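Structure file input.tsv (TSV, C-alpha atoms) follows.
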```tsv
chain	number	residue	atom	x	y	z
A	1	MET	CA	12.58	-10.88	-26.49
A	2	TYR	CA	12.35	-10.65	-30.24
A	3	LYS	CA	13.88	-12.35	-33.27
A	4	ASP	CA	15.89	-10.54	-35.95
A	5	ASP	CA	16.59	-13.07	-38.76
A	6	ASP	CA	18.46	-15.87	-36.93
A	7	ILE	CA	19.55	-13.75	-33.97
A	8	ILE	CA	17.52	-13.79	-30.76
A	9	VAL	CA	17.69	-10.42	-29.03
A	10	VAL	CA	16.62	-10.29	-25.39
A	11	ASP	CA	15.19	-7.01	-24.18
A	12	PHE	CA	15.10	-6.95	-20.38
A	13	LYS	CA	13.02	-4.16	-18.92
A	14	THR	CA	12.06	-5.57	-15.53
A	15	PRO	CA	13.38	-8.15	-13.05
A	16	GLU	CA	10.42	-10.31	-14.04
A	17	ASP	CA	11.70	-10.35	-17.64
A	18	VAL	CA	15.06	-11.68	-16.44
A	19	ARG	CA	13.50	-14.29	-14.19
A	20	GLU	CA	11.21	-15.53	-16.98
A	21	PHE	CA	14.18	-15.75	-19.33
A	22	ILE	CA	16.09	-17.92	-16.84
A	23	LEU	CA	13.09	-20.15	-16.24
A	24	ASP	CA	12.27	-20.52	-19.95
A	25	GLU	CA	15.67	-20.83	-21.61
A	26	GLY	CA	18.54	-19.46	-19.49
A	27	ILE	CA	19.78	-22.81	-18.16
A	28	ILE	CA	21.78	-25.05	-20.50
A	29	TYR	CA	20.74	-28.26	-18.74
A	30	LYS	CA	17.64	-30.21	-19.66
A	31	SER	CA	15.04	-29.02	-17.21
A	32	GLU	CA	11.34	-28.90	-16.41
A	33	ARG	CA	9.65	-25.71	-15.28
A	34	GLN	CA	7.70	-26.04	-12.04
A	35	VAL	CA	5.92	-22.70	-11.52
A	36	ASP	CA	8.76	-20.37	-10.38
A	37	SER	CA	11.42	-23.06	-10.25
A	38	LEU	CA	13.34	-25.34	-12.59
A	39	TYR	CA	13.76	-29.03	-11.96
A	40	ILE	CA	16.92	-30.53	-13.47
A	41	PRO	CA	16.20	-34.29	-13.50
A	42	ASN	CA	19.75	-35.40	-14.32
A	43	PHE	CA	20.90	-33.97	-10.97
A	44	ASP	CA	17.59	-34.27	-9.08
A	45	LEU	CA	18.10	-30.56	-8.43
A	46	LEU	CA	15.42	-27.91	-7.93
A	47	LEU	CA	16.59	-24.39	-8.79
A	48	THR	CA	14.70	-21.18	-7.98
A	49	PRO	CA	16.10	-17.88	-9.33
A	50	ASN	CA	15.43	-14.50	-7.76
A	51	ILE	CA	16.51	-11.10	-9.06
A	52	GLU	CA	18.03	-9.37	-6.04
A	53	GLN	CA	18.98	-6.09	-7.74
A	54	MET	CA	18.95	-4.67	-11.27
A	55	SER	CA	20.10	-1.51	-13.04
A	56	ASN	CA	20.72	-0.51	-16.65
A	57	THR	CA	24.21	-2.00	-16.59
A	58	GLY	CA	24.25	-4.46	-13.69
A	59	ILE	CA	22.35	-7.29	-12.08
A	60	GLY	CA	22.52	-9.55	-9.04
A	61	ILE	CA	20.82	-12.94	-9.28
A	62	GLU	CA	20.17	-15.30	-6.38
A	63	PHE	CA	20.08	-19.00	-7.14
A	64	ASN	CA	18.36	-21.05	-4.44
A	65	MET	CA	18.78	-24.81	-4.91
A	66	TYR	CA	17.75	-28.05	-3.26
A	67	ILE	CA	19.27	-31.51	-3.83
A	68	LYS	CA	16.77	-34.15	-2.74
A	69	LYS	CA	19.32	-36.99	-2.71
A	70	LEU	CA	21.49	-35.18	-0.17
A	71	ASP	CA	18.63	-33.26	1.47
A	72	LYS	CA	20.79	-30.19	0.97
A	73	TYR	CA	19.96	-26.55	0.32
A	74	LEU	CA	22.48	-24.50	-1.67
A	75	TYR	CA	22.72	-20.83	-2.47
A	76	GLU	CA	24.78	-18.76	-4.86
A	77	TYR	CA	24.67	-15.04	-5.60
A	78	SER	CA	25.98	-14.16	-9.04
A	79	SER	CA	26.45	-10.56	-10.18
A	80	GLY	CA	27.10	-9.26	-13.66
A	81	MET	CA	28.14	-5.90	-15.12
A	82	GLY	CA	28.19	-4.73	-18.71
A	83	GLY	CA	27.55	-1.92	-21.14
A	84	ASP	CA	23.86	-2.81	-21.04
A	85	ILE	CA	21.54	-5.03	-19.04
A	86	THR	CA	21.59	-7.83	-21.61
A	87	THR	CA	25.36	-8.12	-21.33
A	88	ALA	CA	25.12	-7.96	-17.53
A	89	VAL	CA	22.61	-10.82	-17.42
A	90	GLY	CA	24.82	-12.87	-19.72
A	91	MET	CA	27.83	-12.26	-17.45
A	92	SER	CA	25.89	-13.27	-14.35
A	93	MET	CA	24.46	-16.43	-15.90
A	94	SER	CA	27.80	-17.45	-17.42
A	95	SER	CA	29.56	-17.02	-14.09
A	96	PHE	CA	26.99	-19.19	-12.32
A	97	LEU	CA	27.03	-21.94	-14.94
A	98	ILE	CA	30.79	-22.04	-15.49
A	99	SER	CA	31.81	-21.85	-11.85
A	100	PHE	CA	29.07	-23.23	-9.57
A	101	MET	CA	27.12	-25.59	-11.83
A	102	ASN	CA	30.21	-26.93	-13.55
A	103	THR	CA	31.71	-27.90	-10.19
A	104	PHE	CA	28.43	-29.46	-9.10
A	105	GLU	CA	28.43	-31.52	-12.31
A	106	ILE	CA	32.01	-32.63	-11.61
A	107	MET	CA	30.89	-33.88	-8.20
A	108	TYR	CA	27.76	-35.52	-9.57
A	109	ASN	CA	29.79	-37.42	-12.17
A	110	LYS	CA	32.50	-38.20	-9.58
A	111	CYS	CA	35.31	-36.88	-11.77
A	112	ASN	CA	38.85	-37.18	-10.33
A	113	PRO	CA	38.06	-36.83	-6.62
A	114	ILE	CA	40.71	-36.18	-3.99
A	115	ASN	CA	40.18	-38.64	-1.12
A	116	ILE	CA	40.60	-37.43	2.46
A	117	THR	CA	39.80	-38.81	5.93
A	118	THR	CA	38.84	-36.83	9.03
A	119	GLU	CA	37.87	-37.56	12.62
A	120	PHE	CA	35.03	-35.86	14.46
A	121	GLY	CA	33.19	-36.77	17.65
A	122	GLY	CA	35.15	-40.01	17.92
A	123	ASN	CA	34.11	-41.18	14.43
A	124	GLU	CA	36.10	-41.46	11.21
A	125	HIS	CA	34.70	-39.80	8.09
A	126	ASN	CA	35.79	-40.37	4.50
A	127	TRP	CA	35.36	-37.66	1.87
A	128	ASP	CA	35.72	-37.00	-1.85
A	129	VAL	CA	36.90	-33.49	-2.77
A	130	TYR	CA	36.04	-32.02	-6.18
A	131	LEU	CA	37.87	-28.91	-7.38
A	132	GLY	CA	36.11	-26.60	-9.81
A	133	ASN	CA	37.87	-24.49	-12.39
A	134	VAL	CA	39.15	-21.08	-11.31
A	135	THR	CA	37.23	-18.48	-13.29
A	136	GLY	CA	38.67	-14.99	-13.60
A	137	MET	CA	37.90	-11.48	-14.78
A	138	GLY	CA	40.41	-8.81	-15.69
A	139	THR	CA	44.03	-9.74	-15.01
A	140	PRO	CA	43.92	-11.80	-11.80
A	141	GLY	CA	46.71	-13.82	-10.24
A	142	GLU	CA	50.06	-12.74	-8.92
A	143	ASP	CA	51.53	-12.96	-12.40
A	144	GLY	CA	48.39	-11.84	-14.21
A	145	LYS	CA	47.88	-15.31	-15.71
A	146	GLY	CA	45.29	-16.69	-13.32
A	147	SER	CA	45.48	-19.64	-10.94
A	148	SER	CA	45.37	-23.41	-11.45
A	149	ALA	CA	42.52	-25.55	-10.07
A	150	THR	CA	44.74	-26.71	-7.19
A	151	TYR	CA	46.19	-23.29	-6.27
A	152	TYR	CA	43.78	-22.29	-3.48
A	153	TRP	CA	43.24	-25.89	-2.34
A	154	ASP	CA	46.97	-26.36	-1.77
A	155	ILE	CA	47.09	-23.20	0.36
A	156	ILE	CA	43.99	-23.63	2.54
A	157	LYS	CA	43.22	-27.35	2.39
A	158	ASP	CA	44.30	-27.95	6.01
A	159	ASP	CA	41.97	-25.17	7.17
A	160	ILE	CA	39.14	-26.59	5.08
A	161	ILE	CA	39.65	-30.16	6.28
A	162	LYS	CA	39.63	-29.25	9.98
A	163	ARG	CA	36.23	-27.59	9.52
A	164	LEU	CA	34.58	-30.80	8.32
A	165	GLY	CA	32.31	-32.58	10.77
A	166	ASN	CA	29.57	-35.03	9.76
A	167	GLN	CA	27.98	-33.16	6.85
A	168	LYS	CA	26.71	-35.16	3.89
A	169	MET	CA	28.13	-32.53	1.59
A	170	VAL	CA	29.84	-29.14	1.90
A	171	TYR	CA	30.41	-26.54	-0.79
A	172	VAL	CA	33.17	-23.99	-0.39
A	173	LYS	CA	33.25	-20.72	-2.28
A	174	ILE	CA	36.52	-18.86	-2.76
A	175	TYR	CA	36.55	-15.34	-4.17
A	176	ALA	CA	39.53	-13.02	-4.54
A	177	ALA	CA	39.60	-9.58	-6.16
A	178	ARG	CA	42.09	-6.76	-6.56
A	179	LEU	CA	41.46	-3.12	-7.37
A	180	PRO	CA	44.21	-0.50	-7.42
A	181	GLU	CA	43.11	0.87	-4.04
A	182	ASN	CA	42.14	-2.32	-2.16
A	183	SER	CA	41.82	-6.11	-2.21
A	184	ILE	CA	38.92	-8.43	-1.38
A	185	GLY	CA	38.89	-11.98	-0.05
A	186	GLU	CA	35.96	-14.23	0.69
A	187	VAL	CA	35.75	-17.88	1.73
A	188	ARG	CA	32.33	-19.33	2.55
A	189	PHE	CA	31.30	-22.77	3.84
A	190	ASP	CA	27.72	-23.55	2.81
A	191	ASP	CA	27.35	-19.78	2.27
A	192	VAL	CA	28.63	-18.99	5.79
A	193	ALA	CA	31.58	-16.58	5.77
A	194	ILE	CA	34.80	-17.80	7.40
A	195	PRO	CA	36.64	-14.62	8.50
A	196	GLU	CA	40.12	-16.10	9.00
A	197	LEU	CA	40.19	-17.79	5.60
A	198	SER	CA	38.66	-14.75	3.91
A	199	GLU	CA	41.51	-12.63	5.26
A	200	LEU	CA	44.07	-15.17	4.07
A	201	VAL	CA	42.66	-15.04	0.53
A	202	ARG	CA	42.50	-11.24	0.67
A	203	LYS	CA	46.24	-11.13	1.43
A	204	LEU	CA	46.87	-13.34	-1.61
A	205	ALA	CA	44.93	-10.95	-3.83
A	206	GLU	CA	46.79	-8.01	-2.31
A	207	LYS	CA	49.94	-9.21	-4.08
A	208	TRP	CA	48.39	-9.03	-7.54
A	209	ASN	CA	49.62	-6.36	-9.91
A	210	VAL	CA	46.53	-5.01	-11.67
A	211	GLU	CA	45.88	-1.75	-13.45
A	212	GLN	CA	42.10	-1.69	-13.04
A	213	PHE	CA	40.53	-4.88	-11.76
A	214	GLY	CA	41.16	-8.59	-11.42
A	215	SER	CA	39.14	-11.33	-9.75
A	216	GLU	CA	39.07	-15.10	-9.33
A	217	LYS	CA	36.33	-17.42	-8.16
A	218	GLN	CA	36.40	-21.12	-7.41
A	219	PHE	CA	34.03	-23.65	-5.90
A	220	ILE	CA	35.08	-26.79	-4.08
A	221	PHE	CA	32.48	-29.48	-3.44
A	222	ILE	CA	33.18	-32.04	-0.71
A	223	GLU	CA	30.97	-35.13	-0.37
A	224	GLN	CA	31.09	-37.65	2.45
A	225	ASN	CA	31.07	-41.37	1.77
A	226	PRO	CA	27.57	-42.53	2.83
A	227	SER	CA	29.09	-45.43	4.78
A	228	THR	CA	30.75	-43.04	7.27
A	229	ILE	CA	27.83	-40.66	7.83
A	230	THR	CA	26.55	-40.67	11.42
A	231	PRO	CA	22.70	-40.48	11.31
A	232	SER	CA	20.88	-37.74	13.23
A	233	GLN	CA	17.30	-37.50	14.45
A	234	TYR	CA	17.23	-34.09	12.73
A	235	ASP	CA	18.01	-35.40	9.24
A	236	GLY	CA	15.53	-34.85	6.44
A	237	PRO	CA	12.41	-32.68	6.23
A	238	GLU	CA	10.80	-34.37	9.26
A	239	GLY	CA	14.01	-33.92	11.25
A	240	ARG	CA	14.19	-30.22	10.39
A	241	LYS	CA	10.58	-29.79	11.49
A	242	LYS	CA	11.42	-31.55	14.74
A	243	MET	CA	14.36	-29.21	15.29
A	244	ARG	CA	12.18	-26.18	14.59
A	245	ASP	CA	9.51	-27.38	17.02
A	246	TYR	CA	12.16	-27.83	19.71
A	247	VAL	CA	13.70	-24.38	19.11
A	248	LEU	CA	10.23	-22.83	19.33
A	249	GLU	CA	9.56	-24.71	22.56
A	250	TYR	CA	12.87	-23.49	23.99
A	251	LEU	CA	12.03	-19.88	23.11
A	252	LYS	CA	8.66	-20.22	24.85
A	253	MET	CA	10.34	-21.57	27.99
A	254	PHE	CA	13.00	-18.85	27.77
A	255	LYS	CA	10.27	-16.21	27.45
A	256	ASN	CA	8.62	-17.43	30.62
A	257	THR	CA	11.70	-17.34	32.85
A	258	THR	CA	11.28	-14.72	35.57
A	259	SER	CA	14.38	-15.29	37.69
A	260	LYS	CA	18.08	-16.12	37.35
A	261	GLU	CA	17.43	-19.48	38.94
A	262	GLN	CA	14.81	-20.34	36.33
A	263	TYR	CA	17.10	-19.17	33.55
A	264	TYR	CA	20.08	-21.25	34.66
A	265	ASN	CA	17.81	-24.28	35.12
A	266	LEU	CA	16.68	-24.01	31.48
A	267	VAL	CA	19.26	-26.49	30.20
A	268	LYS	CA	18.10	-29.22	32.58
A	269	ASP	CA	14.38	-28.42	32.34
A	270	PHE	CA	14.37	-28.18	28.54
A	271	GLY	CA	16.59	-31.25	28.16
A	272	ASP	CA	14.27	-33.29	30.39
A	273	LYS	CA	11.24	-32.11	28.42
A	274	ILE	CA	12.49	-32.97	24.91
A	275	GLY	CA	14.78	-35.87	25.80
A	276	ASP	CA	17.79	-34.35	24.00
A	277	LYS	CA	20.22	-32.91	26.53
A	278	VAL	CA	22.82	-32.05	23.89
A	279	LEU	CA	20.34	-29.84	22.04
A	280	ALA	CA	19.36	-28.25	25.36
A	281	ASN	CA	22.99	-27.19	25.90
A	282	GLU	CA	23.19	-25.92	22.33
A	283	CYS	CA	19.98	-23.87	22.53
A	284	PHE	CA	21.08	-22.26	25.78
A	285	GLY	CA	24.52	-21.39	24.43
A	286	PHE	CA	24.09	-20.82	20.70
A	287	LEU	CA	20.79	-18.94	20.35
A	288	PRO	CA	21.88	-15.72	22.16
A	289	GLU	CA	25.12	-15.55	20.15
A	290	ILE	CA	23.39	-16.31	16.84
A	291	ALA	CA	20.87	-13.52	17.50
A	292	THR	CA	23.65	-11.07	18.38
A	293	ILE	CA	25.78	-11.89	15.34
A	294	ARG	CA	22.71	-11.35	13.15
A	295	ALA	CA	21.75	-8.13	14.91
A	296	LEU	CA	25.21	-6.51	14.85
A	297	GLY	CA	25.97	-7.48	11.27
A	298	ASP	CA	29.12	-5.82	9.94
A	299	GLN	CA	29.77	-4.04	13.25
A	300	ILE	CA	31.57	-7.11	14.53
A	301	VAL	CA	33.33	-10.13	13.05
A	302	VAL	CA	33.20	-13.41	14.95
A	303	SER	CA	35.44	-16.40	14.33
A	304	ASP	CA	33.81	-19.71	13.51
A	305	GLN	CA	36.18	-21.31	16.03
A	306	ILE	CA	34.42	-22.04	19.33
A	307	GLN	CA	35.30	-23.68	22.65
A	308	PHE	CA	33.25	-25.67	25.12
A	309	SER	CA	34.13	-25.66	28.82
A	310	LEU	CA	33.00	-28.77	30.69
A	311	PRO	CA	32.54	-29.05	34.50
A	312	ASP	CA	35.67	-31.24	34.87
A	313	ASN	CA	37.82	-28.37	33.55
A	314	LYS	CA	38.19	-30.08	30.19
A	315	THR	CA	37.91	-27.92	27.08
A	316	LEU	CA	36.65	-28.96	23.65
A	317	MET	CA	37.64	-26.87	20.64
A	318	THR	CA	35.75	-27.07	17.37
A	319	TYR	CA	34.28	-24.96	14.57
A	320	SER	CA	30.64	-24.02	14.14
A	321	THR	CA	30.83	-25.43	10.60
A	322	GLN	CA	31.47	-28.90	12.06
A	323	LEU	CA	28.39	-28.95	14.28
A	324	SER	CA	25.41	-30.53	12.54
A	325	ASP	CA	22.86	-28.65	14.70
A	326	TYR	CA	24.35	-25.15	14.49
A	327	LEU	CA	23.29	-23.90	11.06
A	328	MET	CA	19.94	-25.69	11.25
A	329	MET	CA	19.30	-24.08	14.63
A	330	GLU	CA	20.17	-20.66	13.20
A	331	ASN	CA	17.76	-21.13	10.30
A	332	CYS	CA	15.00	-22.24	12.70
A	333	LEU	CA	15.52	-19.23	14.97
A	334	ILE	CA	15.43	-16.70	12.14
A	335	ASP	CA	12.35	-18.31	10.60
A	336	ILE	CA	10.49	-18.30	13.93
A	337	ILE	CA	11.34	-14.66	14.61
A	338	ARG	CA	10.42	-13.52	11.09
A	339	SER	CA	7.12	-15.40	11.20
A	340	GLY	CA	6.18	-13.66	14.45
A	341	GLU	CA	5.22	-17.01	15.93
A	342	LEU	CA	5.72	-15.69	19.45
A	343	GLY	CA	3.13	-13.01	18.84
A	344	GLU	CA	3.51	-9.59	20.40
A	345	GLU	CA	6.43	-10.82	22.48
A	346	THR	CA	8.54	-11.77	19.46
A	347	LYS	CA	10.61	-8.57	19.52
A	348	LYS	CA	11.14	-8.79	23.29
A	349	VAL	CA	12.31	-12.41	23.07
A	350	TRP	CA	14.79	-11.42	20.35
A	351	GLU	CA	16.12	-8.52	22.43
A	352	ASP	CA	16.30	-10.65	25.60
A	353	LEU	CA	18.30	-13.29	23.75
A	354	ILE	CA	20.80	-10.64	22.67
A	355	CYS	CA	21.13	-9.36	26.23
A	356	LYS	CA	22.26	-12.86	27.30
A	357	SER	CA	25.05	-12.87	24.71
A	358	ALA	CA	28.74	-12.76	25.63
A	359	ILE	CA	29.48	-11.12	22.29
A	360	TYR	CA	26.96	-8.36	22.97
A	361	ASN	CA	28.38	-7.71	26.43
A	362	VAL	CA	31.87	-7.23	24.98
A	363	PHE	CA	30.45	-4.96	22.31
A	364	VAL	CA	28.65	-2.81	24.90
A	365	GLN	CA	31.75	-2.56	27.09
A	366	ALA	CA	33.78	-1.33	24.12
A	367	GLN	CA	31.16	1.31	23.37
A	368	GLU	CA	31.01	2.47	26.98
A	369	ALA	CA	34.80	2.80	27.08
A	370	LYS	CA	34.48	5.13	24.07
A	371	GLY	CA	37.39	3.35	22.50
A	372	LYS	CA	37.63	1.90	19.06
A	373	ILE	CA	35.50	-1.22	18.93
A	374	THR	CA	37.57	-4.27	18.08
A	375	PRO	CA	35.50	-5.95	15.36
A	376	LYS	CA	36.93	-9.42	15.83
A	377	LEU	CA	36.51	-12.00	18.58
A	378	THR	CA	38.75	-15.01	18.07
A	379	THR	CA	36.47	-17.51	19.80
A	380	VAL	CA	33.32	-17.81	21.89
A	381	LEU	CA	33.51	-19.95	25.04
A	382	TYR	CA	30.39	-21.94	25.91
A	383	ASN	CA	29.86	-23.48	29.33
A	384	VAL	CA	28.17	-26.86	28.98
A	385	ASN	CA	27.32	-29.70	31.36
A	386	ASN	CA	28.49	-33.31	31.32
A	387	ASP	CA	25.64	-34.34	29.02
A	388	PHE	CA	27.19	-32.42	26.12
A	389	VAL	CA	28.98	-34.18	23.26
A	390	LEU	CA	30.17	-32.96	19.87
A	391	ARG	CA	27.91	-33.94	17.03
```

Could you take the file, read its structure, and then write that structure out as structure tokens?
Amino acid sequence: MYKDDDIIVVDFKTPEDVREFILDEGIIYKSERQVDSLYIPNFDLLLTPNIEQMSNTGIGIEFNMYIKKLDKYLYEYSSGMGGDITTAVGMSMSSFLISFMNTFEIMYNKCNPINITTEFGGNEHNWDVYLGNVTGMGTPGEDGKGSSATYYWDIIKDDIIKRLGNQKMVYVKIYAARLPENSIGEVRFDDVAIPELSELVRKLAEKWNVEQFGSEKQFIFIEQNPSTITPSQYDGPEGRKKMRDYVLEYLKMFKNTTSKEQYYNLVKDFGDKIGDKVLANECFGFLPEIATIRALGDQIVVSDQIQFSLPDNKTLMTYSTQLSDYLMMENCLIDIIRSGELGEETKKVWEDLICKSAIYNVFVQAQEAKGKITPKLTTVLYNVNNDFVLR
């Protein structure tokens, strides 16, 4: 960076240059630098930038955030393109600040919320919904004029609402883009892709009339009224550590099973050991499918809609986004595997989990039939015992 009269010119040569710029002066909010992070006291928000990719004309920046008040981790990936790297960085930063941070500020200041009420697990939950501005590039929108703040909400609000469980806060990202040859749609809950809603948004973008490129992005922040939050033993940093310890213990017990009888007794044995029979059902059912979805990646698309079959022939239908343990369990599993905490048997445990997966079995059958693999499974059915409840 150098100064020419009153103009500051930024000369980015390395990813480190970009990161230092963000940490030193790239954020418009009053902040305090804490080593490789920025603390924004007005929001009690800790922000850590990471340069994911960089070229002469493009950049991708990861923004990892933590809100202490809500004990919530957030993530946004913001890309930028331009005639040079300086322009690209400016595009990426502007997109992040105008779309994500602006919506976060709207929520923080409680500006014009939309009030909604949901029911989950027999409990009523009250929410405030905050709609961010729709930011666009090119000539987006069906008429080339862009969309209003309520456009996407009006179309998919019912699908968003039925995916709310007992979260303290949820952030929804909506992205639509149209090129002459194809269209793109993406809807993410807490950075988890929702295939059905992504396809719905893609079909909206497909109707746009663009010559080169058009895109729209919007964030929706949804905060639960504290008075309706159902507490969990896995809340907070200590709760997350407790969950991780339990997932690790389950994997150790899973590793040591040597017969079908031992394997199918895992739910009872693990539940008795930790005193949480709901989590025992979840570990037995979720961990193999989570591992498989991670392993197969783009080879298969799995709906977030799931069903639970109980012994009395009753069926519970829900969404993985609603379940307070699901995403935390996924994060614990991936962290344990990456850390190699199971030693030399880490890879084998991962592979054995996948072999127990219903998704993987369907995938293998499709391959063996030498037919075209259907990339989408509408739901996964989990068999659970009478100790299971939705939470």

Please identify all polymer residues within 8 Å of region 279-294 of chain A, counting all atoms listed in the file, omitting same-chain residues fewer than 2 positions from it, and present them as a compact mmCIF listing (two decimals) with C-alpha atoms, in the coordinates of the input.
```
# COMPACT_ATOMS: atom_id res chain seq x y z
CA VAL A 247 13.70 -24.38 19.11
CA TYR A 250 12.87 -23.49 23.99
CA LEU A 266 16.68 -24.01 31.48
CA VAL A 267 19.26 -26.49 30.20
CA LYS A 268 18.10 -29.22 32.58
CA PHE A 270 14.37 -28.18 28.54
CA GLY A 271 16.59 -31.25 28.16
CA ASP A 276 17.79 -34.35 24.00
CA LYS A 277 20.22 -32.91 26.53
CA LEU A 296 25.21 -6.51 14.85
CA GLY A 297 25.97 -7.48 11.27
CA ILE A 300 31.57 -7.11 14.53
CA VAL A 302 33.20 -13.41 14.95
CA ASP A 325 22.86 -28.65 14.70
CA TYR A 326 24.35 -25.15 14.49
CA MET A 329 19.30 -24.08 14.63
CA GLU A 330 20.17 -20.66 13.20
CA LEU A 333 15.52 -19.23 14.97
CA TRP A 350 14.79 -11.42 20.35
CA LEU A 353 18.30 -13.29 23.75
CA ILE A 354 20.80 -10.64 22.67
CA CYS A 355 21.13 -9.36 26.23
CA LYS A 356 22.26 -12.86 27.30
CA SER A 357 25.05 -12.87 24.71
CA ALA A 358 28.74 -12.76 25.63
CA ILE A 359 29.48 -11.12 22.29
CA TYR A 360 26.96 -8.36 22.97
CA TYR A 382 30.39 -21.94 25.91
CA ASN A 383 29.86 -23.48 29.33
CA VAL A 384 28.17 -26.86 28.98
CA ASN A 385 27.32 -29.70 31.36
CA PHE A 388 27.19 -32.42 26.12
```

Determine, using only C-alpha atoms, which residues of region 286-358 of chain A have any atom at most 12 Å from an atom of region 60-83 of chain A, and tabulate each with its shortest atom pair and distance in Å to one decimal place, rows ordered by chain and then rising number, as JSON lines.
```
{"residue": "A:Leu327", "atom": "CA", "partner": "A:Tyr73", "partner_atom": "CA", "distance": 11.6}
{"residue": "A:Met328", "atom": "CA", "partner": "A:Tyr73", "partner_atom": "CA", "distance": 11.0}
{"residue": "A:Asn331", "atom": "CA", "partner": "A:Tyr73", "partner_atom": "CA", "distance": 11.6}
```

For each of A:Glu105, A:Asp304, A:Glu368, A:Glu199, take the minimum atom-to-atom distance to Phe43 (chain A), counting only C-alpha atoms, then give the residue where this is smallest.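 Selected residue with least distance to Phe43 (chain A): A:Glu105.
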
Work out how far apart CA of Asn166 (chain A) and CA of Asn123 (chain A) are and give it in Å to one decimal.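 CA of Asn123 (chain A) lies 9.0 Å from CA of Asn166 (chain A).
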
To one decimal in Å, tell me the separation between CA of Pro49 (chain A) and CA of Arg19 (chain A).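 About the pair CA of Pro49 (chain A) and CA of Arg19 (chain A): they are 6.6 Å apart.
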
Measuring atom to atom with all atoms listed in the file, identify which of A:Asp190, A:Asp245, A:Glu223, A:Glu261 is nearest to Ser320 (chain A). A:Asp190

One decimal, in Å: what's the spacing between CA of Met169 (chain A) and CA of Met107 (chain A)?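 Computing it gives 10.3 Å between the two atoms.
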
Which is closer to Thr321 (chain A) than all the others in A:Ile161, A:Leu204, A:Ala177, A:Val210, using only C-alpha atoms?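 Ranking A:Ile161, A:Leu204, A:Ala177, A:Val210 by distance to Thr321 (chain A), first place goes to A:Ile161.
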
Counting all atoms listed in the file, which residue out of A:Ile114, A:Leu38, A:Ala149, A:Ile184 sits closest to Phe21 (chain A)?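 Of all the options, A:Leu38 lies closest to Phe21 (chain A).
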
Please identify every residue of region 128-204 of chain A that has at least one atom no farther than 10 Å from an atom of region 227-243 of chain A, counting all atoms listed in the file, and for each give the shortest atom pair and the distance in Å to one decimal, arranged by chain then increasing number, as CSV.
```
residue,atom,partner,partner_atom,distance
A:Gly165,CA,A:Ile229,CA,9.7
A:Asn166,CA,A:Ile229,CA,6.2
A:Gln167,CA,A:Ile229,CA,7.6
A:Lys168,CA,A:Ile229,CA,6.9
```

Take the residues that were just selected and, keeping C-alpha atoms, output them as a tab-separated table (two decimals), keeping the file's coordinate frame.
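Contents of the output file selection-v8.tsv:
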```tsv
chain	number	residue	atom	x	y	z
A	165	GLY	CA	32.31	-32.58	10.77
A	166	ASN	CA	29.57	-35.03	9.76
A	167	GLN	CA	27.98	-33.16	6.85
A	168	LYS	CA	26.71	-35.16	3.89
```

Residues near Leu200 (chain A), anyone? I mean within 12 Å using only C-alpha atoms, not counting same-chain ones fewer than 6 positions away, as a list in words.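 The residues satisfying every condition are Tyr152, Ile155, Ile156, Asp159, Ile174, Tyr175, Ala176, Ser183, Ile184, Gly185, Glu186, Val187, Ile194, Glu206 and Lys207 of chain A.
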
Which residue is closest to Glu345 (chain A)? Choose from A:Leu381, A:Val364, A:Ile98, A:Leu251 and count only C-alpha atoms. A:Leu251

Sphere at (52.1, -10.7, -8.5), radius 12 Å, counting all atoms listed in the file: residues as a PyMOL selection string: chain A and resi 139-147+178+203-211+214

Give me, as a ChimeraX atom specification, all polymer residues having an atom no more than 10 Å from Leu97 (chain A), counting only C-alpha atoms and skipping those fewer than 5 positions away in the same chain. /A:26-29,78,92,102-104

Would you write out those residues with C-alpha atoms, as an mmCIF file, in the frame of the given file?
```cif
data_model
loop_
_atom_site.group_PDB
_atom_site.id
_atom_site.type_symbol
_atom_site.label_atom_id
_atom_site.label_comp_id
_atom_site.auth_asym_id
_atom_site.auth_seq_id
_atom_site.Cartn_x
_atom_site.Cartn_y
_atom_site.Cartn_z
ATOM 1 C CA GLY A 26 18.540 -19.460 -19.490
ATOM 2 C CA ILE A 27 19.780 -22.810 -18.160
ATOM 3 C CA ILE A 28 21.780 -25.050 -20.500
ATOM 4 C CA TYR A 29 20.740 -28.260 -18.740
ATOM 5 C CA SER A 78 25.980 -14.160 -9.040
ATOM 6 C CA SER A 92 25.890 -13.270 -14.350
ATOM 7 C CA ASN A 102 30.210 -26.930 -13.550
ATOM 8 C CA THR A 103 31.710 -27.900 -10.190
ATOM 9 C CA PHE A 104 28.430 -29.460 -9.100
#
```

Residue nearest Asp154 (chain A) - candidates A:Ala88, A:Val172, A:Leu131, A:Leu23, atoms counted: all atoms listed in the file: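 Selected residue with least distance to Asp154 (chain A): A:Leu131.
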
Using all atoms listed in the file, determine which residues lie at most 8 Å from Lys30 (chain A), disregarding the query and same-chain residues fewer than 4 positions distant; provide the list as a PyMOL selection string. chain A and resi 40-42

At most 6 Å from (32.5, -37.5, 2.2), file frame, only C-alpha atoms: which residues, as a list in words?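 The answer, in the requested form, is Asn126, Trp127, Asp128, Glu223, Gln224 and Asn225 of chain A.
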